[in-house]
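Trainee: After the structure tokens below, expect a handful of questions from me.
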Amino acid sequence: PGMAGAGMGDALTGIISGLIAQGYDTVKAARLGVYLHGLAADILMAESGIGYLASDVIRTLPAALFRLKNGKVSDSFQSVFYRDFPNEY
């Protein structure tokens, strides 16, 4: 329910577009963008529960990237991430 707000799709599109602009191919950008978008929302849900905006998700992206870079995500995603993005972090 937390992701069913106005602008969430726009936020996701911006994340994916930003990754493509940084040189990621479109499939990897989409996979990573969707994961980061969801992870940022999970962080918000843990902090404040339901009732956040798309701008809150964007504001939380640095925390999501920090968790990903420092291995503070699920083992299943971590293994897929490092397989698909071996030189990223």
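Every chain in the structure tokens has a letter given in the order shown (A, B, ...), and although residue numbers restart at 1 in each chain, ligands are simply numbered from 1 in the order shown.
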Taking 2 positions as the minimum chain separation for residues in the same chain, which residues sit within 10 Å of Leu12 (chain A) when counting only C-alpha atoms? Answer as an MDAnalysis selection string.

Mentor: chainID A and resid 7:10 14:18 30 33:38 54 57:58

Trainee: Work out how far CA of Gly5 (chain A) is from CA of Phe66 (chain A), in Å to one decimal.

Mentor: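 For CA of Phe66 (chain A) relative to CA of Gly5 (chain A), the distance reads 24.8 Å.
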
Trainee: Using only C-alpha atoms, pick whichever of A:Ile43, A:Tyr24, A:Ala29, A:Gly71 has the shortest atom-to-atom distance to Asp56 (chain A).

Mentor: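 Comparing A:Ile43, A:Tyr24, A:Ala29, A:Gly71 against Asp56 (chain A), the winner is A:Ile43.
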
Trainee: Could you check the closest approach to Ile20 (chain A) for each of A:Leu53, A:Met45, A:Lys72, A:Leu32 and tell me which residue wins, using only C-alpha atoms?

Mentor: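 Checking each candidate against Ile20 (chain A), we get A:Leu32 as the closest.
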